[in-house]
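One file, protein.txt, is given below (compact mmCIF, N, CA and C atoms).
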```txt
# COMPACT_ATOMS: atom_id res chain seq x y z
N MET A 1 9.86 40.17 -23.34
CA MET A 1 9.94 39.54 -22.03
C MET A 1 11.34 39.78 -21.46
N SER A 2 11.41 40.18 -20.21
CA SER A 2 12.71 40.44 -19.60
C SER A 2 13.39 39.13 -19.22
N ASN A 3 14.69 39.25 -18.95
CA ASN A 3 15.48 38.08 -18.58
C ASN A 3 14.92 37.39 -17.33
N ILE A 4 14.51 38.18 -16.34
CA ILE A 4 13.98 37.59 -15.10
C ILE A 4 12.66 36.88 -15.38
N GLU A 5 11.84 37.43 -16.27
CA GLU A 5 10.58 36.77 -16.62
C GLU A 5 10.83 35.45 -17.36
N GLU A 6 11.82 35.46 -18.25
CA GLU A 6 12.18 34.22 -18.96
C GLU A 6 12.69 33.17 -17.99
N ARG A 7 13.52 33.58 -17.06
CA ARG A 7 14.06 32.63 -16.08
C ARG A 7 12.96 32.09 -15.19
N LEU A 8 12.04 32.95 -14.76
CA LEU A 8 10.93 32.52 -13.93
C LEU A 8 10.03 31.56 -14.70
N GLU A 9 9.76 31.85 -15.96
CA GLU A 9 8.93 30.97 -16.79
C GLU A 9 9.59 29.59 -16.93
N LYS A 10 10.91 29.59 -17.09
CA LYS A 10 11.63 28.31 -17.21
C LYS A 10 11.54 27.52 -15.92
N ILE A 11 11.71 28.17 -14.79
CA ILE A 11 11.62 27.49 -13.49
C ILE A 11 10.21 26.94 -13.28
N GLU A 12 9.20 27.72 -13.64
CA GLU A 12 7.82 27.25 -13.51
C GLU A 12 7.57 26.04 -14.42
N ALA A 13 8.14 26.05 -15.62
CA ALA A 13 7.97 24.92 -16.54
C ALA A 13 8.63 23.67 -15.97
N ILE A 14 9.83 23.81 -15.45
CA ILE A 14 10.53 22.68 -14.85
C ILE A 14 9.72 22.10 -13.69
N GLN A 15 9.20 22.96 -12.84
CA GLN A 15 8.41 22.49 -11.69
C GLN A 15 7.14 21.81 -12.15
N SER A 16 6.47 22.36 -13.14
CA SER A 16 5.24 21.77 -13.65
C SER A 16 5.49 20.40 -14.27
N ILE A 17 6.61 20.26 -15.01
CA ILE A 17 6.97 18.97 -15.60
C ILE A 17 7.28 17.95 -14.50
N ASN A 18 8.02 18.36 -13.48
CA ASN A 18 8.29 17.48 -12.34
C ASN A 18 7.01 17.07 -11.64
N ASP A 19 6.07 18.01 -11.49
CA ASP A 19 4.78 17.68 -10.88
C ASP A 19 4.04 16.65 -11.72
N CYS A 20 4.09 16.79 -13.04
CA CYS A 20 3.43 15.84 -13.95
C CYS A 20 4.03 14.44 -13.78
N LEU A 21 5.34 14.34 -13.74
CA LEU A 21 6.00 13.04 -13.59
C LEU A 21 5.71 12.42 -12.23
N THR A 22 5.63 13.24 -11.20
CA THR A 22 5.28 12.76 -9.86
C THR A 22 3.85 12.23 -9.85
N ARG A 23 2.93 12.95 -10.51
CA ARG A 23 1.54 12.46 -10.61
C ARG A 23 1.50 11.12 -11.33
N TYR A 24 2.30 10.99 -12.40
CA TYR A 24 2.35 9.74 -13.16
C TYR A 24 2.76 8.57 -12.26
N CYS A 25 3.84 8.75 -11.53
CA CYS A 25 4.32 7.69 -10.63
C CYS A 25 3.28 7.36 -9.57
N ARG A 26 2.71 8.38 -8.99
CA ARG A 26 1.69 8.18 -7.95
C ARG A 26 0.47 7.45 -8.53
N ALA A 27 0.06 7.84 -9.74
CA ALA A 27 -1.11 7.22 -10.37
C ALA A 27 -0.89 5.72 -10.58
N LEU A 28 0.31 5.33 -11.03
CA LEU A 28 0.58 3.91 -11.23
C LEU A 28 0.72 3.17 -9.91
N ASP A 29 1.34 3.82 -8.92
CA ASP A 29 1.47 3.18 -7.60
C ASP A 29 0.10 2.88 -6.99
N TRP A 30 -0.83 3.82 -7.16
CA TRP A 30 -2.15 3.69 -6.53
C TRP A 30 -3.22 3.21 -7.51
N MET A 31 -2.81 2.89 -8.76
CA MET A 31 -3.75 2.46 -9.78
C MET A 31 -4.92 3.45 -9.90
N ASP A 32 -4.57 4.74 -9.98
CA ASP A 32 -5.54 5.83 -10.02
C ASP A 32 -5.70 6.31 -11.46
N GLU A 33 -6.72 5.81 -12.14
CA GLU A 33 -6.92 6.10 -13.56
C GLU A 33 -7.15 7.59 -13.82
N ASP A 34 -7.92 8.26 -12.98
CA ASP A 34 -8.17 9.69 -13.18
C ASP A 34 -6.89 10.50 -13.05
N LEU A 35 -6.08 10.17 -12.06
CA LEU A 35 -4.81 10.88 -11.89
C LEU A 35 -3.88 10.61 -13.06
N LEU A 36 -3.85 9.39 -13.55
CA LEU A 36 -3.02 9.05 -14.70
C LEU A 36 -3.47 9.84 -15.93
N ARG A 37 -4.77 9.96 -16.11
CA ARG A 37 -5.31 10.72 -17.24
C ARG A 37 -4.85 12.18 -17.21
N SER A 38 -4.63 12.73 -16.02
CA SER A 38 -4.22 14.13 -15.89
C SER A 38 -2.78 14.37 -16.34
N CYS A 39 -2.04 13.30 -16.63
CA CYS A 39 -0.63 13.42 -16.99
C CYS A 39 -0.39 13.56 -18.48
N PHE A 40 -1.36 13.20 -19.31
CA PHE A 40 -1.17 13.15 -20.76
C PHE A 40 -2.17 14.04 -21.47
N ILE A 41 -1.74 14.61 -22.59
CA ILE A 41 -2.72 15.23 -23.46
C ILE A 41 -3.47 14.09 -24.14
N GLU A 42 -4.74 14.31 -24.46
CA GLU A 42 -5.59 13.21 -24.94
C GLU A 42 -5.04 12.50 -26.17
N ASP A 43 -4.49 13.25 -27.10
CA ASP A 43 -3.99 12.62 -28.33
C ASP A 43 -2.48 12.42 -28.29
N GLY A 44 -1.90 12.47 -27.10
CA GLY A 44 -0.47 12.23 -26.96
C GLY A 44 -0.11 10.82 -27.40
N PHE A 45 1.07 10.65 -27.97
CA PHE A 45 1.51 9.34 -28.47
C PHE A 45 2.41 8.67 -27.45
N ILE A 46 2.13 7.39 -27.19
CA ILE A 46 2.89 6.62 -26.22
C ILE A 46 3.38 5.35 -26.89
N ASP A 47 4.69 5.05 -26.74
CA ASP A 47 5.26 3.81 -27.26
C ASP A 47 5.95 3.09 -26.13
N TYR A 48 5.30 2.06 -25.61
CA TYR A 48 5.86 1.25 -24.53
C TYR A 48 6.40 -0.07 -25.03
N GLY A 49 6.38 -0.29 -26.32
CA GLY A 49 6.77 -1.58 -26.85
C GLY A 49 5.58 -2.52 -26.88
N PHE A 50 4.99 -2.80 -25.72
CA PHE A 50 3.79 -3.64 -25.67
C PHE A 50 2.55 -2.85 -26.06
N TYR A 51 2.65 -1.53 -26.08
CA TYR A 51 1.54 -0.67 -26.50
C TYR A 51 2.13 0.52 -27.24
N ALA A 52 1.59 0.82 -28.39
CA ALA A 52 1.96 2.03 -29.13
C ALA A 52 0.67 2.65 -29.65
N GLY A 53 0.36 3.85 -29.20
CA GLY A 53 -0.87 4.51 -29.60
C GLY A 53 -1.12 5.73 -28.74
N ASP A 54 -2.37 6.19 -28.75
CA ASP A 54 -2.69 7.41 -28.00
C ASP A 54 -2.93 7.12 -26.52
N ALA A 55 -2.91 8.20 -25.74
CA ALA A 55 -3.05 8.08 -24.29
C ALA A 55 -4.41 7.51 -23.90
N LYS A 56 -5.45 7.82 -24.68
CA LYS A 56 -6.79 7.32 -24.36
C LYS A 56 -6.82 5.80 -24.33
N GLY A 57 -6.09 5.15 -25.22
CA GLY A 57 -6.05 3.69 -25.25
C GLY A 57 -5.06 3.10 -24.26
N PHE A 58 -3.99 3.84 -23.98
CA PHE A 58 -2.95 3.36 -23.07
C PHE A 58 -3.46 3.25 -21.64
N ILE A 59 -4.19 4.25 -21.20
CA ILE A 59 -4.57 4.32 -19.79
C ILE A 59 -5.37 3.10 -19.35
N PRO A 60 -6.44 2.71 -20.06
CA PRO A 60 -7.15 1.50 -19.62
C PRO A 60 -6.28 0.24 -19.74
N ALA A 61 -5.42 0.18 -20.76
CA ALA A 61 -4.57 -1.00 -20.95
C ALA A 61 -3.61 -1.20 -19.79
N VAL A 62 -3.00 -0.13 -19.32
CA VAL A 62 -2.01 -0.25 -18.24
C VAL A 62 -2.68 -0.46 -16.88
N MET A 63 -3.94 -0.06 -16.75
CA MET A 63 -4.66 -0.25 -15.50
C MET A 63 -5.13 -1.70 -15.32
N GLU A 64 -5.17 -2.49 -16.38
CA GLU A 64 -5.66 -3.87 -16.31
C GLU A 64 -4.65 -4.83 -15.68
N ASP A 65 -3.39 -4.66 -15.95
CA ASP A 65 -2.37 -5.63 -15.55
C ASP A 65 -1.68 -5.23 -14.26
N VAL A 66 -1.28 -6.23 -13.49
CA VAL A 66 -0.42 -5.99 -12.33
C VAL A 66 0.92 -6.62 -12.67
N ASN A 67 1.71 -5.88 -13.43
CA ASN A 67 3.03 -6.31 -13.86
C ASN A 67 4.05 -5.25 -13.47
N VAL A 68 5.28 -5.65 -13.42
CA VAL A 68 6.36 -4.72 -13.13
C VAL A 68 7.11 -4.47 -14.44
N TYR A 69 7.25 -3.21 -14.80
CA TYR A 69 7.98 -2.82 -16.00
C TYR A 69 9.15 -1.96 -15.56
N CYS A 70 10.33 -2.32 -16.00
CA CYS A 70 11.54 -1.58 -15.64
C CYS A 70 12.14 -1.00 -16.90
N GLY A 71 12.32 0.30 -16.93
CA GLY A 71 12.87 0.93 -18.11
C GLY A 71 13.07 2.41 -17.93
N ARG A 72 13.24 3.09 -19.07
CA ARG A 72 13.50 4.53 -19.06
C ARG A 72 12.57 5.23 -20.03
N TYR A 73 12.33 6.50 -19.76
CA TYR A 73 11.43 7.31 -20.58
C TYR A 73 12.19 8.36 -21.37
N HIS A 74 11.73 8.60 -22.58
CA HIS A 74 12.18 9.75 -23.39
C HIS A 74 10.90 10.52 -23.71
N ASP A 75 10.67 11.61 -23.00
CA ASP A 75 9.41 12.34 -23.06
C ASP A 75 9.54 13.68 -23.78
N GLU A 76 8.44 14.08 -24.40
CA GLU A 76 8.26 15.43 -24.89
C GLU A 76 7.02 15.97 -24.18
N PHE A 77 7.04 17.25 -23.84
CA PHE A 77 5.94 17.86 -23.11
C PHE A 77 5.34 18.99 -23.92
N SER A 78 4.06 19.25 -23.67
CA SER A 78 3.36 20.39 -24.27
C SER A 78 2.73 21.19 -23.14
N LYS A 79 2.77 22.50 -23.28
CA LYS A 79 2.15 23.37 -22.29
C LYS A 79 0.66 23.46 -22.60
N THR A 80 -0.17 23.19 -21.58
CA THR A 80 -1.61 23.27 -21.72
C THR A 80 -2.14 24.27 -20.69
N PRO A 81 -3.41 24.63 -20.77
CA PRO A 81 -3.96 25.53 -19.74
C PRO A 81 -3.87 24.95 -18.33
N GLU A 82 -3.81 23.61 -18.22
CA GLU A 82 -3.70 22.96 -16.90
C GLU A 82 -2.25 22.72 -16.48
N GLY A 83 -1.30 23.19 -17.25
CA GLY A 83 0.12 22.97 -16.96
C GLY A 83 0.76 22.11 -18.02
N TRP A 84 2.00 21.73 -17.82
CA TRP A 84 2.74 20.91 -18.78
C TRP A 84 2.28 19.46 -18.67
N LYS A 85 2.11 18.80 -19.84
CA LYS A 85 1.70 17.41 -19.88
C LYS A 85 2.51 16.67 -20.94
N VAL A 86 2.59 15.35 -20.81
CA VAL A 86 3.32 14.53 -21.77
C VAL A 86 2.55 14.52 -23.10
N SER A 87 3.24 14.88 -24.16
CA SER A 87 2.64 14.85 -25.50
C SER A 87 3.18 13.69 -26.32
N ARG A 88 4.36 13.20 -25.97
CA ARG A 88 4.95 12.06 -26.68
C ARG A 88 5.87 11.34 -25.70
N ARG A 89 5.74 10.02 -25.65
CA ARG A 89 6.57 9.23 -24.74
C ARG A 89 7.09 8.01 -25.48
N LEU A 90 8.40 7.79 -25.37
CA LEU A 90 9.03 6.56 -25.82
C LEU A 90 9.56 5.88 -24.57
N TYR A 91 9.16 4.65 -24.36
CA TYR A 91 9.60 3.89 -23.21
C TYR A 91 10.58 2.84 -23.67
N ILE A 92 11.77 2.85 -23.11
CA ILE A 92 12.78 1.83 -23.40
C ILE A 92 12.64 0.76 -22.33
N LEU A 93 12.07 -0.37 -22.71
CA LEU A 93 11.81 -1.46 -21.77
C LEU A 93 13.10 -2.22 -21.51
N ASP A 94 13.51 -2.26 -20.26
CA ASP A 94 14.68 -3.03 -19.87
C ASP A 94 14.28 -4.42 -19.39
N ASP A 95 13.14 -4.52 -18.72
CA ASP A 95 12.66 -5.81 -18.24
C ASP A 95 11.21 -5.67 -17.84
N ASN A 96 10.49 -6.77 -17.84
CA ASN A 96 9.14 -6.79 -17.30
C ASN A 96 8.82 -8.18 -16.80
N PHE A 97 8.00 -8.25 -15.76
CA PHE A 97 7.64 -9.52 -15.17
C PHE A 97 6.43 -9.33 -14.28
N SER A 98 5.69 -10.42 -14.08
CA SER A 98 4.60 -10.44 -13.10
C SER A 98 5.21 -10.80 -11.76
N VAL A 99 4.63 -10.26 -10.72
CA VAL A 99 5.22 -10.47 -9.40
C VAL A 99 4.20 -11.07 -8.44
N LYS A 100 4.61 -12.12 -7.77
CA LYS A 100 3.91 -12.63 -6.59
C LYS A 100 4.79 -12.24 -5.42
N SER A 101 4.19 -11.80 -4.35
CA SER A 101 4.99 -11.24 -3.25
C SER A 101 6.08 -12.18 -2.78
N GLU A 102 5.83 -13.49 -2.74
CA GLU A 102 6.86 -14.42 -2.26
C GLU A 102 7.98 -14.62 -3.28
N GLY A 103 7.77 -14.25 -4.55
CA GLY A 103 8.78 -14.50 -5.57
C GLY A 103 9.54 -13.27 -6.04
N ILE A 104 9.33 -12.15 -5.40
CA ILE A 104 9.90 -10.90 -5.93
C ILE A 104 11.42 -10.92 -5.96
N ARG A 105 12.06 -11.51 -4.97
CA ARG A 105 13.52 -11.53 -4.97
C ARG A 105 14.09 -12.26 -6.18
N GLY A 106 13.55 -13.40 -6.50
CA GLY A 106 14.03 -14.17 -7.65
C GLY A 106 13.75 -13.46 -8.96
N ASP A 107 12.58 -12.83 -9.09
CA ASP A 107 12.23 -12.13 -10.31
C ASP A 107 13.15 -10.95 -10.57
N LEU A 108 13.54 -10.26 -9.52
CA LEU A 108 14.41 -9.10 -9.70
C LEU A 108 15.81 -9.49 -10.17
N GLY A 109 16.20 -10.72 -9.94
CA GLY A 109 17.52 -11.17 -10.37
C GLY A 109 17.73 -11.02 -11.86
N GLY A 110 16.70 -11.29 -12.68
CA GLY A 110 16.81 -11.15 -14.13
C GLY A 110 17.10 -9.72 -14.55
N LEU A 111 16.55 -8.76 -13.82
CA LEU A 111 16.80 -7.35 -14.14
C LEU A 111 18.28 -7.04 -14.01
N PHE A 112 18.89 -7.48 -12.92
CA PHE A 112 20.29 -7.15 -12.69
C PHE A 112 21.23 -7.94 -13.58
N LEU A 113 20.75 -9.07 -14.10
CA LEU A 113 21.55 -9.85 -15.05
C LEU A 113 21.40 -9.33 -16.47
N GLY A 114 20.42 -8.48 -16.71
CA GLY A 114 20.25 -7.86 -18.02
C GLY A 114 19.43 -8.65 -19.01
N PHE A 115 18.51 -9.49 -18.56
CA PHE A 115 17.64 -10.24 -19.46
C PHE A 115 16.59 -9.32 -20.07
N ASN A 116 16.15 -9.60 -21.29
CA ASN A 116 15.04 -8.92 -21.96
C ASN A 116 15.30 -7.44 -22.25
N LEU A 117 16.52 -7.01 -22.34
CA LEU A 117 16.82 -5.61 -22.60
C LEU A 117 16.56 -5.27 -24.07
N ARG A 118 16.10 -4.04 -24.33
CA ARG A 118 15.93 -3.56 -25.70
C ARG A 118 17.20 -2.82 -26.11
N ALA A 119 18.31 -3.51 -26.09
CA ALA A 119 19.61 -2.89 -26.36
C ALA A 119 19.75 -2.47 -27.81
N ASP A 120 18.84 -2.93 -28.69
CA ASP A 120 18.93 -2.56 -30.10
C ASP A 120 18.32 -1.18 -30.37
N ASN A 121 17.68 -0.57 -29.38
CA ASN A 121 17.09 0.75 -29.56
C ASN A 121 18.18 1.80 -29.61
N GLU A 122 18.05 2.77 -30.52
CA GLU A 122 19.08 3.80 -30.68
C GLU A 122 19.28 4.65 -29.44
N LYS A 123 18.28 4.72 -28.55
CA LYS A 123 18.41 5.53 -27.34
C LYS A 123 18.90 4.73 -26.15
N TYR A 124 19.12 3.41 -26.34
CA TYR A 124 19.60 2.57 -25.26
C TYR A 124 21.05 2.90 -24.94
N ARG A 125 21.35 2.93 -23.69
CA ARG A 125 22.75 3.03 -23.26
C ARG A 125 22.88 2.28 -21.95
N LYS A 126 23.99 1.61 -21.79
CA LYS A 126 24.25 0.87 -20.56
C LYS A 126 24.48 1.89 -19.44
N LEU A 127 23.84 1.68 -18.32
CA LEU A 127 24.01 2.59 -17.19
C LEU A 127 25.32 2.32 -16.50
N ASP A 128 26.00 3.38 -16.07
CA ASP A 128 27.25 3.23 -15.31
C ASP A 128 26.94 2.69 -13.94
N LYS A 129 27.84 1.86 -13.44
CA LYS A 129 27.64 1.32 -12.08
C LYS A 129 28.25 2.22 -11.06
```
Is it possible to express this structure as structure tokens?
Amino acid sequence: MSNIEERLEKIEAIQSINDCLTRYCRALDWMDEDLLRSCFIEDGFIDYGFYAGDAKGFIPAVMEDVNVYCGRYHDEFSKTPEGWKVSRRLYILDDNFSVKSEGIRGDLGGLFLGFNLRADNEKYRKLDK
């Protein structure tokens, strides 16, 4: 493979991974189970703290609740015939809460104060302000 082909393949992989993450965000925003399913390989492993297991079990579990989860992802991707998809995900939960529209301001206060952080995780790091 020539250098230009390698570079083009890398750019295509980056774009496909970005497309996958965009689909993931859109699927959760719109509670679109089919779109969410398109983001993971079927036997991909997901660890959200509240759920650890394969994508097949995660998708229905996350579609049931209307909660806000704030955190960061550490993902591994696999190339499939349909493009790049998440094969392993570790979610570092910084905060989570249920939201009623009139209470959202107060609930967000805990996030900025740093309540419920998983600071004991080896991948945790305090974000710079």
Distance query Arg89 (chain A) at most 6.5 Å, all atoms listed in the file, self and fewer than 6 positions along chain excluded, as a count of residues only: 8
Here is a test: counting only C-alpha atoms, which residue of A:Met63, A:Leu28, A:Ile4, A:Leu21 is nearest to Trp84 (chain A)? A:Leu21
Mind pulling up the distance from CA of Asp29 (chain A) to atom N of Gly49 (chain A)?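 Computed distance, atom N of Gly49 (chain A) to CA of Asp29 (chain A), equals 19.7 Å.
The space separating CA of Thr22 (chain A) from CA of Glu82 (chain A) comes to 15.3 Å.
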Please report the interatomic distance between atom C of Val86 (chain A) and atom C of Phe40 (chain A) in Å with one decimal. 5.0 Å
Expected answer as an MDAnalysis selection string: strand (DSSP E or B) residues in region 16-108 of chain A: chainID A and resid 40:47 52:54 67:80 83:98
For Cys39 (chain A), please output as a ChimeraX atom specification all residues within 7 Å (counting only C-alpha atoms; exclusion window: fewer than 6 positions along the same chain). /A:20,23-24,85-86
I need the residues from that last selection saved to file as a compact mmCIF listing (two decimals), in the coordinates of the input (with N, CA and C atoms), if you can.
```txt
# COMPACT_ATOMS: atom_id res chain seq x y z
N CYS A 20 4.09 16.79 -13.04
CA CYS A 20 3.43 15.84 -13.95
C CYS A 20 4.03 14.44 -13.78
N ARG A 23 2.93 12.95 -10.51
CA ARG A 23 1.54 12.46 -10.61
C ARG A 23 1.50 11.12 -11.33
N TYR A 24 2.30 10.99 -12.40
CA TYR A 24 2.35 9.74 -13.16
C TYR A 24 2.76 8.57 -12.26
N LYS A 85 2.11 18.80 -19.84
CA LYS A 85 1.70 17.41 -19.88
C LYS A 85 2.51 16.67 -20.94
N VAL A 86 2.59 15.35 -20.81
CA VAL A 86 3.32 14.53 -21.77
C VAL A 86 2.55 14.52 -23.10
```
Residues around (-10.2, 1.8, -17.4), cut-off 12 Å, counting only C-alpha atoms - what are they as a list in words?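 Counting only C-alpha atoms, I find these residues within 12 Å of (-10.2, 1.8, -17.4): Met31, Asp32, Glu33, Asp34, Leu35, Leu36, Arg37, Ala55, Lys56, Gly57, Phe58, Ile59, Pro60, Ala61, Val62, Met63, Glu64 and Asp65 of chain A.
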